[in-house]
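Visitor: As input, take model23.csv (CSV, C-alpha atoms):
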chain,number,residue,atom,x,y,z
A,20,MET,CA,-62.4,18.4,-17.1
A,21,LEU,CA,-63.0,16.1,-14.1
A,22,LYS,CA,-59.4,15.0,-14.1
A,23,LYS,CA,-58.3,18.6,-14.1
A,24,ALA,CA,-60.5,19.5,-11.2
A,25,ALA,CA,-59.2,16.5,-9.2
A,26,LEU,CA,-55.6,17.5,-9.9
A,27,PHE,CA,-56.4,21.1,-8.9
A,28,GLY,CA,-58.0,19.8,-5.7
A,29,LEU,CA,-55.1,17.5,-4.9
A,30,LEU,CA,-52.5,20.2,-5.4
A,31,PHE,CA,-54.6,22.7,-3.4
A,32,LEU,CA,-54.8,20.2,-0.5
A,33,VAL,CA,-51.0,19.6,-0.7
A,34,GLY,CA,-50.4,23.3,-0.6
A,35,ALA,CA,-52.8,23.8,2.2
A,36,GLY,CA,-51.3,21.0,4.2
A,37,VAL,CA,-47.8,22.2,3.8
A,38,GLY,CA,-48.8,25.8,4.5
A,39,SER,CA,-50.8,24.9,7.6
A,40,PHE,CA,-48.1,22.7,9.1
A,41,ALA,CA,-45.3,25.3,8.5
A,42,ALA,CA,-47.4,28.2,9.8
A,43,TYR,CA,-48.6,26.1,12.8
A,44,ARG,CA,-45.0,25.3,13.8
A,45,PHE,CA,-43.9,28.9,13.3
A,46,SER,CA,-46.7,30.6,15.2
A,47,SER,CA,-46.8,28.1,18.1
A,48,SER,CA,-43.0,28.4,18.6
A,49,ARG,CA,-43.3,32.2,18.3
A,50,GLU,CA,-46.1,32.1,21.0
A,51,ARG,CA,-43.9,30.0,23.3
A,52,ALA,CA,-40.9,32.3,22.8
A,53,LEU,CA,-43.2,35.3,23.7
A,54,GLU,CA,-44.3,33.4,26.8
A,55,TRP,CA,-40.8,32.6,28.0
A,56,ARG,CA,-38.9,35.6,26.8
A,57,SER,CA,-38.1,36.8,30.3
A,58,PHE,CA,-36.9,33.4,31.5
A,59,ASP,CA,-33.9,32.7,29.3
A,60,ASN,CA,-31.4,32.6,32.2
A,61,PRO,CA,-30.5,30.0,34.9
A,62,ASP,CA,-33.0,31.4,37.4
A,63,GLY,CA,-35.6,31.3,34.7
A,64,HIS,CA,-34.9,27.7,33.9
A,65,GLU,CA,-35.2,26.9,37.6
A,66,PHE,CA,-38.5,28.7,37.8
A,67,PHE,CA,-39.7,26.9,34.7
A,68,ARG,CA,-39.1,23.4,36.2
A,69,THR,CA,-41.0,24.3,39.4
A,70,TYR,CA,-43.8,26.0,37.3
A,71,ASP,CA,-44.1,23.0,35.0
A,72,LEU,CA,-44.1,20.4,37.8
A,73,ILE,CA,-46.7,22.3,39.9
A,74,ALA,CA,-49.0,22.8,36.9
A,75,ARG,CA,-48.8,19.1,36.0
A,76,LEU,CA,-49.4,18.1,39.6
A,77,ARG,CA,-52.4,20.3,39.8
A,78,LEU,CA,-53.8,18.9,36.5
A,79,ALA,CA,-53.1,15.3,37.6
A,80,ASP,CA,-54.7,16.0,41.0
A,81,MET,CA,-57.8,17.5,39.4
A,82,GLY,CA,-58.0,14.7,36.9
A,83,ALA,CA,-57.6,12.0,39.6
A,84,THR,CA,-60.1,13.5,41.9
A,85,THR,CA,-62.7,14.0,39.2
A,86,ARG,CA,-62.3,10.4,38.0
A,87,LEU,CA,-62.2,9.1,41.6
A,88,GLN,CA,-65.7,10.4,42.2
A,89,ASN,CA,-67.0,8.3,39.3
A,90,PRO,CA,-68.8,5.3,40.9
A,91,LYS,CA,-68.1,3.2,37.8
A,92,GLU,CA,-64.3,3.4,38.4
A,93,SER,CA,-62.9,0.2,39.9
A,94,HIS,CA,-60.7,0.2,43.0
A,95,GLU,CA,-57.6,-0.6,40.9
A,96,ARG,CA,-58.2,2.3,38.5
A,97,ARG,CA,-58.7,4.7,41.4
A,98,ARG,CA,-55.4,3.5,42.9
A,99,GLU,CA,-53.7,3.9,39.5
A,100,TYR,CA,-54.9,7.5,39.2
A,101,LEU,CA,-53.4,8.3,42.6
A,102,HIS,CA,-50.1,6.5,41.6
A,103,LEU,CA,-50.0,8.8,38.6
A,104,ILE,CA,-49.4,11.8,40.9
A,105,LEU,CA,-46.7,9.9,42.8
A,106,ASP,CA,-45.0,9.0,39.5
A,107,ILE,CA,-45.0,12.6,38.4
A,108,VAL,CA,-43.3,13.6,41.7
A,109,GLN,CA,-40.8,10.7,41.5
A,110,ASN,CA,-39.8,11.6,38.0
A,111,ASP,CA,-39.5,15.4,38.2
A,112,ARG,CA,-38.9,16.3,41.9
A,113,ALA,CA,-35.1,16.1,41.4
A,114,GLY,CA,-35.2,19.0,38.9
A,115,VAL,CA,-36.5,21.4,41.5
A,116,THR,CA,-34.1,23.0,43.9
A,117,ASP,CA,-36.2,25.7,45.6
A,118,PRO,CA,-36.8,24.5,49.2
A,119,ALA,CA,-40.2,26.2,49.5
A,120,ALA,CA,-41.5,24.4,46.4
A,121,LEU,CA,-39.9,21.1,47.4
A,122,THR,CA,-41.7,21.2,50.8
A,123,LEU,CA,-45.0,21.9,49.0
A,124,ILE,CA,-44.4,19.0,46.6
A,125,ASP,CA,-43.9,16.8,49.8
A,126,VAL,CA,-47.2,18.1,51.0
A,127,GLU,CA,-48.9,17.0,47.8
A,128,THR,CA,-47.2,13.7,48.1
A,129,GLY,CA,-48.4,13.3,51.7
A,130,VAL,CA,-51.9,14.1,50.8
A,131,THR,CA,-51.8,11.5,48.0
A,132,TYR,CA,-50.5,9.0,50.5
A,133,ILE,CA,-53.5,9.8,52.8
A,134,ARG,CA,-55.9,9.3,49.9
A,135,LEU,CA,-54.3,6.0,49.1
A,136,ALA,CA,-54.6,5.0,52.8
A,137,MET,CA,-58.3,5.9,52.8
A,138,LEU,CA,-58.8,4.1,49.6
A,139,GLU,CA,-57.2,0.9,50.9
A,140,GLU,CA,-59.1,1.2,54.1
A,141,ALA,CA,-62.4,1.4,52.2
A,142,ALA,CA,-61.4,-1.7,50.2
A,143,GLY,CA,-60.7,-3.5,53.5
A,144,ASP,CA,-56.9,-3.8,53.1
A,145,LEU,CA,-55.9,-2.6,56.5
A,146,PRO,CA,-52.1,-3.4,56.4
A,147,ALA,CA,-51.8,-1.5,53.1
A,148,SER,CA,-53.8,1.4,54.5
A,149,GLN,CA,-51.6,1.6,57.6
A,150,SER,CA,-48.5,1.5,55.5
A,151,TRP,CA,-49.7,4.5,53.4
A,152,MET,CA,-50.7,6.3,56.5
A,153,GLN,CA,-47.3,5.9,58.1
A,154,LYS,CA,-45.7,7.2,55.0
A,155,ALA,CA,-48.0,10.2,55.0
A,156,GLN,CA,-47.4,10.9,58.6
A,157,SER,CA,-43.6,10.8,58.2
A,158,THR,CA,-43.7,13.0,55.0
A,159,LEU,CA,-46.0,15.6,56.6
A,160,LYS,CA,-44.1,15.7,59.9
A,161,GLN,CA,-41.0,16.5,57.9
A,162,ALA,CA,-42.9,19.2,56.1
A,163,GLY,CA,-43.6,20.8,59.5
A,164,TRP,CA,-47.2,19.7,60.1
A,165,LYS,CA,-48.3,20.2,63.7
A,166,ASP,CA,-50.9,17.5,64.0
A,167,CYS,CA,-50.2,14.3,62.1
A,168,SER,CA,-52.7,12.1,63.9
A,169,TYR,CA,-54.7,9.7,61.8
A,170,ALA,CA,-58.0,11.4,62.6
A,171,HIS,CA,-56.8,14.9,61.8
A,172,LEU,CA,-55.1,13.9,58.5
A,173,LYS,CA,-58.3,12.1,57.4
A,174,GLU,CA,-60.3,15.2,58.3
A,175,ILE,CA,-58.0,17.4,56.2
A,176,VAL,CA,-58.2,15.1,53.2
A,177,GLN,CA,-62.0,14.8,53.5
A,178,ALA,CA,-62.1,18.6,53.4
A,179,GLN,CA,-59.7,18.7,50.4
A,180,ASN,CA,-61.8,16.0,48.6
A,181,LYS,CA,-64.9,18.1,49.2
A,182,GLN,CA,-63.1,21.1,47.7
A,183,ASP,CA,-62.0,19.1,44.8
A,184,SER,CA,-65.4,17.5,44.3
A,185,CYS,CA,-64.1,14.2,45.4
A,186,ASP,CA,-66.2,13.4,48.4
A,187,THR,CA,-67.5,10.1,47.1
A,188,LEU,CA,-64.0,8.6,47.0
A,189,CYS,CA,-62.9,8.5,50.7
A,190,GLY,CA,-65.6,10.6,52.3
A,191,LYS,CA,-66.9,7.6,54.2
A,192,SER,CA,-65.3,7.1,57.5
B,16,MET,CA,-46.3,26.1,-19.6
B,17,LYS,CA,-50.0,26.3,-19.2
B,18,ALA,CA,-50.0,23.1,-17.1
B,19,LEU,CA,-47.2,24.5,-14.9
B,20,LYS,CA,-49.2,27.7,-14.3
B,21,PHE,CA,-52.3,25.6,-13.5
B,22,CYS,CA,-50.3,23.6,-10.9
B,23,GLY,CA,-48.7,26.7,-9.5
B,24,ILE,CA,-52.1,28.4,-9.0
B,25,ALA,CA,-53.5,25.3,-7.2
B,26,LEU,CA,-50.5,25.0,-4.9
B,27,ALA,CA,-50.2,28.7,-4.2
B,28,SER,CA,-53.9,29.1,-3.3
B,29,GLY,CA,-53.7,26.1,-1.0
B,30,LEU,CA,-50.5,27.4,0.5
B,31,ILE,CA,-52.0,30.8,1.2
B,32,LEU,CA,-55.1,29.4,2.8
B,33,GLY,CA,-53.0,26.9,4.8
B,34,VAL,CA,-50.7,29.6,6.2
B,35,PHE,CA,-53.6,31.6,7.5
B,36,PHE,CA,-55.3,28.5,9.0
B,37,GLY,CA,-52.2,27.0,10.5
B,38,GLY,CA,-51.0,30.3,11.9
B,39,TYR,CA,-54.4,30.9,13.6
B,40,ILE,CA,-54.5,27.3,15.0
B,41,GLY,CA,-50.9,27.5,16.2
B,42,ARG,CA,-51.4,30.8,17.9
B,43,THR,CA,-54.7,29.9,19.6
B,44,TRP,CA,-53.6,26.5,20.7
B,45,ALA,CA,-50.3,27.6,22.1
B,46,ALA,CA,-51.9,30.6,23.8
B,47,GLY,CA,-54.7,28.4,25.2
B,48,GLY,CA,-52.2,25.9,26.5
B,49,ALA,CA,-50.1,28.6,28.1
B,50,ILE,CA,-53.2,30.0,29.9
B,51,LEU,CA,-54.2,26.5,31.1
B,52,TRP,CA,-50.6,26.0,32.4
B,53,GLU,CA,-50.5,29.4,34.1
B,54,VAL,CA,-53.9,29.0,35.8
B,55,SER,CA,-53.0,25.5,37.0
B,56,ALA,CA,-49.6,26.4,38.3
B,57,ALA,CA,-51.0,29.5,40.2
B,58,ALA,CA,-53.9,27.6,41.6
B,59,GLY,CA,-51.8,24.5,42.5
B,60,TYR,CA,-49.1,26.5,44.3
B,61,GLU,CA,-51.6,28.7,46.1
B,62,GLN,CA,-53.7,25.8,47.3
B,63,LEU,CA,-50.7,23.9,48.6
B,64,ALA,CA,-49.2,27.0,50.2
B,65,SER,CA,-52.5,27.8,51.9
B,66,LEU,CA,-52.9,24.2,53.2
B,67,GLN,CA,-49.3,24.3,54.5
B,68,SER,CA,-49.8,27.7,56.2
B,69,ASP,CA,-52.9,26.2,58.0
B,70,GLN,CA,-51.3,23.0,59.1
B,71,ALA,CA,-47.6,23.6,59.5
B,72,ASP,CA,-45.6,25.4,62.2
B,73,PRO,CA,-45.0,29.2,61.8
B,74,ASP,CA,-41.6,28.7,60.1
B,75,HIS,CA,-42.8,26.3,57.5
B,76,ALA,CA,-46.0,28.4,57.0
B,77,ARG,CA,-43.8,31.5,56.4
B,78,GLN,CA,-41.6,29.6,54.0
B,79,ALA,CA,-44.6,28.4,52.0
B,80,LEU,CA,-46.3,31.8,51.8
B,81,LEU,CA,-43.2,33.6,50.9
B,82,GLY,CA,-42.5,30.9,48.3
B,83,PHE,CA,-45.9,31.7,46.8
B,84,THR,CA,-45.3,35.5,46.7
B,85,ASP,CA,-41.9,34.9,45.0
B,86,PHE,CA,-43.5,32.4,42.6
B,87,SER,CA,-46.3,34.8,41.7
B,88,ARG,CA,-43.9,37.7,41.2
B,89,SER,CA,-42.0,35.5,38.7
B,90,MET,CA,-45.3,34.5,37.1
B,91,THR,CA,-46.3,38.0,36.4
B,92,LYS,CA,-43.5,38.1,33.8
B,93,LEU,CA,-45.2,35.4,31.8
B,94,HIS,CA,-47.1,36.6,28.7
B,95,SER,CA,-50.1,34.4,29.6
B,96,ALA,CA,-50.3,36.0,33.1
B,97,GLN,CA,-50.7,39.5,31.9
B,98,GLY,CA,-54.5,39.6,32.3
B,99,ASP,CA,-54.7,37.3,35.3
B,100,LYS,CA,-56.1,39.4,38.1
B,101,ALA,CA,-56.9,36.3,40.2
B,102,LEU,CA,-53.1,35.9,40.7
B,103,LEU,CA,-52.9,39.4,42.2
B,104,VAL,CA,-55.9,38.6,44.5
B,105,ASP,CA,-54.1,35.4,45.6
B,106,THR,CA,-50.9,37.3,46.2
B,107,GLY,CA,-52.7,40.0,48.2
B,108,ARG,CA,-54.4,37.4,50.3
B,109,THR,CA,-51.1,35.6,50.9
B,110,TYR,CA,-49.5,38.9,52.1
B,111,LEU,CA,-52.5,39.2,54.6
B,112,ARG,CA,-51.8,35.7,55.9
B,113,LEU,CA,-48.1,36.6,56.3
B,114,ALA,CA,-49.1,39.7,58.2
B,115,ALA,CA,-51.3,37.6,60.5
B,116,ILE,CA,-48.4,35.2,61.1
B,117,GLU,CA,-46.1,38.1,62.0
B,118,GLU,CA,-48.8,39.7,64.2
B,119,LEU,CA,-49.1,36.4,66.1
B,120,ALA,CA,-45.3,36.2,66.4
B,121,GLY,CA,-45.3,39.8,67.8
B,122,ASN,CA,-43.4,41.3,64.8
B,123,SER,CA,-45.6,44.3,64.3
B,124,ASN,CA,-43.3,46.1,61.9
B,125,LEU,CA,-43.0,43.2,59.5
B,126,SER,CA,-46.8,42.6,59.8
B,127,HIS,CA,-47.3,46.2,58.8
B,128,LYS,CA,-45.0,45.8,55.8
B,129,TYR,CA,-47.0,42.8,54.6
B,130,VAL,CA,-50.2,44.8,54.9
B,131,LEU,CA,-48.7,47.4,52.7
B,132,ASP,CA,-47.5,44.7,50.2
B,133,ALA,CA,-51.1,43.3,50.1
B,134,GLN,CA,-52.5,46.8,49.5
B,135,GLN,CA,-50.0,47.3,46.6
B,136,SER,CA,-51.0,43.9,45.2
B,137,PHE,CA,-54.7,44.8,45.3
B,138,LYS,CA,-54.0,48.3,43.9
B,139,SER,CA,-52.2,46.8,40.9
B,140,MET,CA,-55.4,45.0,39.9
B,141,GLY,CA,-57.4,48.2,40.2
B,142,ARG,CA,-58.8,47.8,43.8
B,143,LYS,CA,-58.0,50.5,46.3
B,144,ILE,CA,-58.5,49.1,49.8
B,145,SER,CA,-57.7,51.1,52.8
B,146,GLU,CA,-55.0,50.1,55.2
B,147,GLN,CA,-57.7,50.0,58.0
B,148,ASP,CA,-59.8,47.5,56.1
B,149,LEU,CA,-56.8,45.3,55.5
B,150,ASN,CA,-55.8,45.5,59.2
B,151,GLN,CA,-59.3,44.3,60.0
B,152,GLN,CA,-58.8,41.3,57.6
B,153,VAL,CA,-55.6,40.5,59.4
B,154,ALA,CA,-57.2,40.8,62.8
B,155,LYS,CA,-59.9,38.3,61.6
B,156,ILE,CA,-57.2,35.8,60.4
B,157,VAL,CA,-55.4,36.2,63.7
B,158,ALA,CA,-58.6,35.6,65.7
B,159,SER,CA,-59.4,32.5,63.7
B,160,ALA,CA,-55.9,31.2,64.1
B,161,ARG,CA,-56.0,31.8,67.9
B,162,LEU,CA,-59.4,29.9,68.0
B,163,SER,CA,-58.1,26.9,66.0
B,164,SER,CA,-54.7,26.5,67.7
B,165,PRO,CA,-54.8,24.6,71.0
B,166,PRO,CA,-53.9,26.6,74.1
B,167,SER,CA,-50.2,26.2,75.1
Would you mind writing the structure in this file as structure tokens?
Guide:
Amino acid sequence: MLKKAALFGLLFLVGAGVGSFAAYRFSSSRERALEWRSFDNPDGHEFFRTYDLIARLRLADMGATTRLQNPKESHERRREYLHLILDIVQNDRAGVTDPAALTLIDVETGVTYIRLAMLEEAAGDLPASQSWMQKAQSTLKQAGWKDCSYAHLKEIVQAQNKQDSCDTLCGKS
Amino acid sequence: MKALKFCGIALASGLILGVFFGGYIGRTWAAGGAILWEVSAAAGYEQLASLQSDQADPDHARQALLGFTDFSRSMTKLHSAQGDKALLVDTGRTYLRLAAIEELAGNSNLSHKYVLDAQQSFKSMGRKISEQDLNQQVAKIVASARLSSPPS
């Protein structure tokens, strides 16, 4: 009797596993097809690349700023979180061709450079800080920013950090 | 024969339960992921466009804001964006910023067009706002831009 119940249970689990897997794959791909049904054309593919990159940058930015405010995080780990954003840009920027989106990706890159400059400054590494700040100034100048002075850029990022609940990272001037 | 029937019942009952469970999980996870992506993309683009319009010269500000209106128009075709009224609010506010830029540049006709676009965007989310109220909003943005920009 016990053997029979065990066999029943085993076969039931096998059936449930196979059924769950197949139905999961089917319904999730159906949901994705529903989401993207209007974008199955070259313009749609272009939009998808921009959409995907901006969404990932936003999530990485939120993740980085949230983690950066954790006082337990070391300087190296904070730096790594910011480099994650730069890595995403470096890997996927080439897939985007829309000039407006490209400029905004440069703005995100510039803001990340400023955060890195402020992070290095707080750690006492002034040459590294200056190097990041120069990169930020050059990137943002190209993006059409009117005032690329050190003080102004720092002020902008402090406001951004506050907005992203990240004021403990580089909020100290 | 009896054993085969026994095994068949066990497998089939597991399979039926699994299909319902897997279907539900697949649908909810995919829909949840799509909503997370949609909200992140909209918020990310809007935040960057807004920062760019505050900090860049008028040409780059225009490019960023028009980029967002195009982007949000494409986004409304997404299934996950169907109930996203925040996207329409952001689009309406972006049109008001564009109207302010054109007002500052002396392009009254284009500014008026953007005010009407903003009105349409707010209307499509169920909020009827008069043109006069929107013009007041534009005037506020223009006044604050004049205050923050250094005298030439």
Visitor: Of the candidates A:Ile107, A:Ala119, A:Cys167, A:Leu101, which shows the shortest atom-to-atom distance to chain B, using all atoms listed in the file?
Guide: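 Among the listed residues, A:Ala119 lies closest to chain B.
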Visitor: Just give me the gap between CA of Ile175 (chain A) and CA of Val130 (chain B) in Å, one decimal is fine.
Guide: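 Separation between CA of Ile175 (chain A) and CA of Val130 (chain B): 28.5 Å.
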Visitor: Using all atoms listed in the file, which of the listed residues (B:Val157, B:Leu111, B:Ala133, B:Ala56) sits closest to chain A?
Guide: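 Of B:Val157, B:Leu111, B:Ala133, B:Ala56, the one nearest chain A is B:Ala56, counting all atoms listed in the file.
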Visitor: Just the number, please: distance in Å from CA of Asp183 (chain A) to CA of Asp80 (chain A), one decimal.
Guide: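 Taking CA of Asp183 (chain A) and CA of Asp80 (chain A), their separation equals 8.8 Å.
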Visitor: Determine which residues of chain B sit within 7 Å of chain A, taking into account all atoms listed in the file, and present them as a PyMOL selection string.
Guide: chain B and resi 22+25-34+36-38+40-42+45-46+52+55-56+59-60+63-64+70-72+75+78-79+82+92-95
Visitor: Val54 (chain B): which residues within 9 Å, counting only C-alpha atoms, same-chain residues fewer than 4 positions away excluded, as a list in words?
Guide: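 The filter keeps Ala74 of chain A; Ala49, Ile50, Ala58, Gly59, Ala96, Asp99 and Leu102 of chain B.
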Visitor: Measure the distance from CA of Leu119 (chain B) to CA of Arg142 (chain B) in Å and round it to one decimal.
Guide: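 Distance reported for this atom pair: 26.9 Å.
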Visitor: Considering all atoms listed in the file, can you say which of B:Gln134, B:Met16, B:Asp74, B:Leu51 comes closest to Val104 (chain B)?
Guide: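 Comparing B:Gln134, B:Met16, B:Asp74, B:Leu51 against Val104 (chain B), the winner is B:Gln134.
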Visitor: Measuring between only C-alpha atoms, which one of B:Leu66, B:Ala57, B:Leu162, B:Arg108 shows the shortest distance to Phe86 (chain B)?
Guide: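 Closest to Phe86 (chain B) of all the choices is B:Ala57.
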